[in-house]
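The structure appears right after this line, and notes come after that.
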Amino acid sequence: MAIEDTRNKILSVANKLFSRFGFHKTSMDEIAKIARKAKGSLYYHFASKEDLFTAVVSAEIENLKTQLSVIVNDKTLIADEKIKRYLVKRMEILNSAANYHETLKADFFEHFNFIDNLRNELDIWEKKQIQNIIYQGVDEGIFEPRNGDIDILLDVFIMVLKGLEIPFFLQNKYNDLHPYFDDLLKILIRGLGK
């Protein structure tokens with residue numbers, strides 16, 4: 001149990017430091033010092049700073065998936081309400097996922113190759129969740145994809161979500177734009193409708 005406690009302590013401290021100072025300005029020495037662990041403990045659990053950062057971002061993504069899965073699997077929601085709640089919750093969660101934001105910044109200034117797999121897996125996972133909601137909407141008679149091509153529709157949804165991340169999170173406009181998010185969702189949902 002002590003080994004797992006040490007790993008969790010390191011992750012917790014790393015999360016706070018990476019969130020506050022960013023990937024490059026946070027050192028393994030600093031993490032070890034604040035976690036009150038020997039630097040060797042860090043390297044016992046994580047092969048490198050990149051490995052540690054990946055674990056921190058992975059935890060944020062797992063939190064996102066867990067909370068969004070609750071919405072996707074809610075049998076009491078009809079599809080248009082489900083897609084609306086999914087998109088609002090997604091942006092709400094990512095707004096507080098500071099280390100995920102760091103990966104977005106890296107896309108513009110430098111590329112974190114070591115994080116690509118996580119982001120690609122998230123894209124694939126999200127595409128499947130949105131696909132499930134759209135198929136539910138088709139079954140309920142609420143949605144009717146144009147030309148029957150749901151794959152293209154899914155790609156557009158993912159592009160819209162990714163496109164919103166830059167102004168929302170990197171340009172710190174989440175609080176300014178959030179009140180208008182409902183109007184955007186109405187447009188997206190209307191585009192799916194019959």
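Ordering of the structure tokens sets the chain letters (A, B, ...); residue numbers start at 1 within each chain; ligands are numbered from 1 in the order shown.
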Could you find all residues in chain A that DSSP calls helix (DSSP H, G or I) from the backbone, and write them as an mmCIF file with C-alpha atoms, in the first residue's frame?
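Here's the written file states17.cif:
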data_model
loop_
_atom_site.group_PDB
_atom_site.id
_atom_site.type_symbol
_atom_site.label_atom_id
_atom_site.label_comp_id
_atom_site.auth_asym_id
_atom_site.auth_seq_id
_atom_site.Cartn_x
_atom_site.Cartn_y
_atom_site.Cartn_z
ATOM 1 C CA ALA A 2 2.892 2.381 0.738
ATOM 2 C CA ILE A 3 4.110 2.096 -2.862
ATOM 3 C CA GLU A 4 0.688 3.101 -4.216
ATOM 4 C CA ASP A 5 0.462 5.944 -1.671
ATOM 5 C CA THR A 6 3.852 7.223 -2.816
ATOM 6 C CA ARG A 7 2.780 7.075 -6.468
ATOM 7 C CA ASN A 8 -0.465 8.920 -5.703
ATOM 8 C CA LYS A 9 1.379 11.584 -3.701
ATOM 9 C CA ILE A 10 3.793 12.134 -6.596
ATOM 10 C CA LEU A 11 0.893 12.391 -9.064
ATOM 11 C CA SER A 12 -0.952 14.842 -6.839
ATOM 12 C CA VAL A 13 2.059 17.120 -6.407
ATOM 13 C CA ALA A 14 2.988 16.857 -10.094
ATOM 14 C CA ASN A 15 -0.573 17.734 -11.086
ATOM 15 C CA LYS A 16 -0.481 20.904 -8.991
ATOM 16 C CA LEU A 17 2.965 21.983 -10.177
ATOM 17 C CA PHE A 18 2.367 21.225 -13.859
ATOM 18 C CA SER A 19 -0.977 23.072 -13.619
ATOM 19 C CA ARG A 20 0.626 26.102 -12.052
ATOM 20 C CA PHE A 21 3.973 26.356 -13.860
ATOM 21 C CA MET A 28 11.521 16.513 -11.175
ATOM 22 C CA ASP A 29 13.666 17.925 -8.341
ATOM 23 C CA GLU A 30 10.892 20.348 -7.420
ATOM 24 C CA ILE A 31 8.240 17.609 -7.515
ATOM 25 C CA ALA A 32 10.380 15.365 -5.290
ATOM 26 C CA LYS A 33 11.026 18.196 -2.838
ATOM 27 C CA ILE A 34 7.373 19.208 -2.459
ATOM 28 C CA ALA A 35 6.182 15.579 -2.353
ATOM 29 C CA LYS A 39 14.089 11.779 -6.457
ATOM 30 C CA GLY A 40 14.710 8.059 -6.913
ATOM 31 C CA SER A 41 11.101 7.432 -5.844
ATOM 32 C CA LEU A 42 9.900 9.522 -8.755
ATOM 33 C CA TYR A 43 12.007 7.524 -11.186
ATOM 34 C CA TYR A 44 10.894 4.268 -9.589
ATOM 35 C CA HIS A 45 7.300 5.092 -10.548
ATOM 36 C CA LYS A 49 9.194 13.777 -16.622
ATOM 37 C CA GLU A 50 7.328 13.069 -19.861
ATOM 38 C CA ASP A 51 6.052 9.795 -18.384
ATOM 39 C CA LEU A 52 4.887 11.595 -15.238
ATOM 40 C CA PHE A 53 3.178 14.354 -17.224
ATOM 41 C CA THR A 54 1.469 11.720 -19.379
ATOM 42 C CA ALA A 55 0.137 10.040 -16.221
ATOM 43 C CA VAL A 56 -1.187 13.374 -14.938
ATOM 44 C CA VAL A 57 -2.945 14.182 -18.230
ATOM 45 C CA SER A 58 -4.219 10.603 -18.414
ATOM 46 C CA ALA A 59 -5.889 11.066 -15.015
ATOM 47 C CA GLU A 60 -7.625 14.214 -16.276
ATOM 48 C CA ILE A 61 -8.823 12.359 -19.372
ATOM 49 C CA GLU A 62 -10.053 9.404 -17.301
ATOM 50 C CA ASN A 63 -12.012 11.823 -15.113
ATOM 51 C CA LEU A 64 -13.548 13.304 -18.258
ATOM 52 C CA LYS A 65 -14.472 9.868 -19.619
ATOM 53 C CA THR A 66 -15.974 8.751 -16.311
ATOM 54 C CA GLN A 67 -18.222 11.793 -16.001
ATOM 55 C CA LEU A 68 -19.264 11.762 -19.661
ATOM 56 C CA SER A 69 -20.028 8.036 -19.534
ATOM 57 C CA VAL A 70 -22.637 8.730 -16.868
ATOM 58 C CA ILE A 71 -24.457 10.976 -19.340
ATOM 59 C CA VAL A 72 -24.063 8.637 -22.318
ATOM 60 C CA ALA A 79 -30.812 11.928 -27.435
ATOM 61 C CA ASP A 80 -31.055 15.696 -27.961
ATOM 62 C CA GLU A 81 -30.898 16.351 -24.210
ATOM 63 C CA LYS A 82 -28.103 13.812 -23.866
ATOM 64 C CA ILE A 83 -25.928 15.449 -26.550
ATOM 65 C CA LYS A 84 -26.527 18.852 -24.983
ATOM 66 C CA ARG A 85 -25.543 17.663 -21.499
ATOM 67 C CA TYR A 86 -22.552 15.782 -22.918
ATOM 68 C CA LEU A 87 -21.154 18.861 -24.664
ATOM 69 C CA VAL A 88 -21.782 21.220 -21.737
ATOM 70 C CA LYS A 89 -20.242 18.786 -19.220
ATOM 71 C CA ARG A 90 -17.271 18.163 -21.523
ATOM 72 C CA MET A 91 -16.399 21.838 -21.691
ATOM 73 C CA GLU A 92 -17.024 22.317 -17.976
ATOM 74 C CA ILE A 93 -14.639 19.475 -17.065
ATOM 75 C CA LEU A 94 -11.961 20.495 -19.550
ATOM 76 C CA ASN A 95 -12.135 24.066 -18.299
ATOM 77 C CA ALA A 98 -5.131 22.689 -16.686
ATOM 78 C CA ASN A 99 -2.672 20.040 -17.799
ATOM 79 C CA TYR A 100 -4.843 19.154 -20.785
ATOM 80 C CA HIS A 101 -4.634 22.869 -21.659
ATOM 81 C CA GLU A 102 -0.855 22.536 -21.597
ATOM 82 C CA THR A 103 -1.090 19.918 -24.357
ATOM 83 C CA LEU A 104 -3.174 22.356 -26.418
ATOM 84 C CA LYS A 105 -0.536 25.059 -26.015
ATOM 85 C CA ALA A 106 2.101 22.576 -27.108
ATOM 86 C CA ASP A 107 0.274 22.077 -30.399
ATOM 87 C CA PHE A 108 0.970 25.707 -31.268
ATOM 88 C CA PHE A 109 4.436 26.262 -29.893
ATOM 89 C CA ASN A 113 4.770 13.685 -29.150
ATOM 90 C CA PHE A 114 4.586 11.668 -25.943
ATOM 91 C CA ILE A 115 1.006 12.823 -25.344
ATOM 92 C CA ASP A 116 -0.308 12.089 -28.867
ATOM 93 C CA ASN A 117 -1.524 8.584 -28.034
ATOM 94 C CA LEU A 118 -3.646 9.873 -25.152
ATOM 95 C CA ARG A 119 -5.256 12.549 -27.272
ATOM 96 C CA ASN A 120 -5.847 10.150 -30.174
ATOM 97 C CA GLU A 121 -7.439 7.609 -27.827
ATOM 98 C CA LEU A 122 -9.686 10.349 -26.429
ATOM 99 C CA ASP A 123 -10.768 11.313 -29.956
ATOM 100 C CA ILE A 124 -11.640 7.701 -30.788
ATOM 101 C CA TRP A 125 -13.479 7.256 -27.478
ATOM 102 C CA GLU A 126 -15.435 10.489 -27.924
ATOM 103 C CA LYS A 127 -16.359 9.651 -31.479
ATOM 104 C CA LYS A 128 -17.856 6.364 -30.238
ATOM 105 C CA GLN A 129 -19.813 8.103 -27.452
ATOM 106 C CA ILE A 130 -21.259 10.723 -29.800
ATOM 107 C CA GLN A 131 -22.029 7.992 -32.336
ATOM 108 C CA ASN A 132 -24.022 6.138 -29.671
ATOM 109 C CA ILE A 133 -26.009 9.265 -28.888
ATOM 110 C CA ILE A 134 -26.693 9.982 -32.560
ATOM 111 C CA TYR A 135 -27.834 6.401 -33.178
ATOM 112 C CA GLN A 136 -30.102 6.694 -30.145
ATOM 113 C CA GLY A 137 -31.547 9.876 -31.651
ATOM 114 C CA VAL A 138 -32.091 8.148 -34.995
ATOM 115 C CA ASP A 139 -33.865 5.270 -33.209
ATOM 116 C CA GLU A 140 -36.022 7.778 -31.303
ATOM 117 C CA ARG A 146 -28.109 14.009 -43.978
ATOM 118 C CA ASN A 147 -27.305 11.469 -46.690
ATOM 119 C CA GLY A 148 -27.077 8.821 -43.966
ATOM 120 C CA ILE A 150 -22.874 9.451 -39.718
ATOM 121 C CA ASP A 151 -19.059 9.145 -39.949
ATOM 122 C CA ILE A 152 -18.751 12.550 -41.593
ATOM 123 C CA LEU A 153 -21.142 14.000 -39.036
ATOM 124 C CA LEU A 154 -19.018 12.560 -36.219
ATOM 125 C CA ASP A 155 -15.850 14.058 -37.693
ATOM 126 C CA VAL A 156 -17.571 17.450 -37.880
ATOM 127 C CA PHE A 157 -18.672 17.167 -34.244
ATOM 128 C CA ILE A 158 -15.120 16.352 -33.133
ATOM 129 C CA MET A 159 -13.776 19.280 -35.193
ATOM 130 C CA VAL A 160 -16.298 21.642 -33.597
ATOM 131 C CA LEU A 161 -15.367 20.411 -30.109
ATOM 132 C CA LYS A 162 -11.643 20.766 -30.804
ATOM 133 C CA GLY A 163 -12.199 24.170 -32.399
ATOM 134 C CA LEU A 164 -13.919 25.440 -29.267
ATOM 135 C CA GLU A 165 -11.031 24.389 -27.042
ATOM 136 C CA ILE A 166 -8.704 27.143 -28.250
ATOM 137 C CA PRO A 167 -10.902 30.173 -27.447
ATOM 138 C CA PHE A 168 -12.429 28.536 -24.379
ATOM 139 C CA PHE A 169 -9.267 27.376 -22.669
ATOM 140 C CA LEU A 170 -6.168 28.962 -24.223
ATOM 141 C CA TYR A 174 -14.711 30.167 -21.265
ATOM 142 C CA ASN A 175 -16.552 32.409 -18.801
ATOM 143 C CA ASP A 176 -17.328 34.985 -21.516
ATOM 144 C CA LEU A 177 -18.513 32.446 -24.096
ATOM 145 C CA HIS A 178 -20.182 29.919 -21.798
ATOM 146 C CA PRO A 179 -23.521 31.804 -21.699
ATOM 147 C CA TYR A 180 -23.737 31.496 -25.516
ATOM 148 C CA PHE A 181 -22.853 27.815 -25.581
ATOM 149 C CA ASP A 182 -26.515 26.834 -25.308
ATOM 150 C CA ASP A 183 -27.285 28.736 -28.539
ATOM 151 C CA LEU A 184 -24.468 26.916 -30.330
ATOM 152 C CA LEU A 185 -25.811 23.602 -29.092
ATOM 153 C CA LYS A 186 -29.267 24.435 -30.417
ATOM 154 C CA ILE A 187 -27.753 25.032 -33.858
ATOM 155 C CA LEU A 188 -25.824 21.736 -33.745
ATOM 156 C CA ILE A 189 -28.831 19.767 -32.539
ATOM 157 C CA ARG A 190 -31.123 21.416 -35.082
ATOM 158 C CA GLY A 191 -28.673 20.309 -37.781
ATOM 159 C CA LEU A 192 -29.114 16.720 -36.639
#
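Take atom CA of A:Lys75 and atom CA of A:Gly141: the distance between them is 16.0 Å.
Reported to one decimal place, the separation of atom CA of A:Ala38 from atom CA of A:His24 is 20.7 Å.
The space between atom CA of A:Ala97 and atom CA of A:Lys173 spans 14.8 Å.
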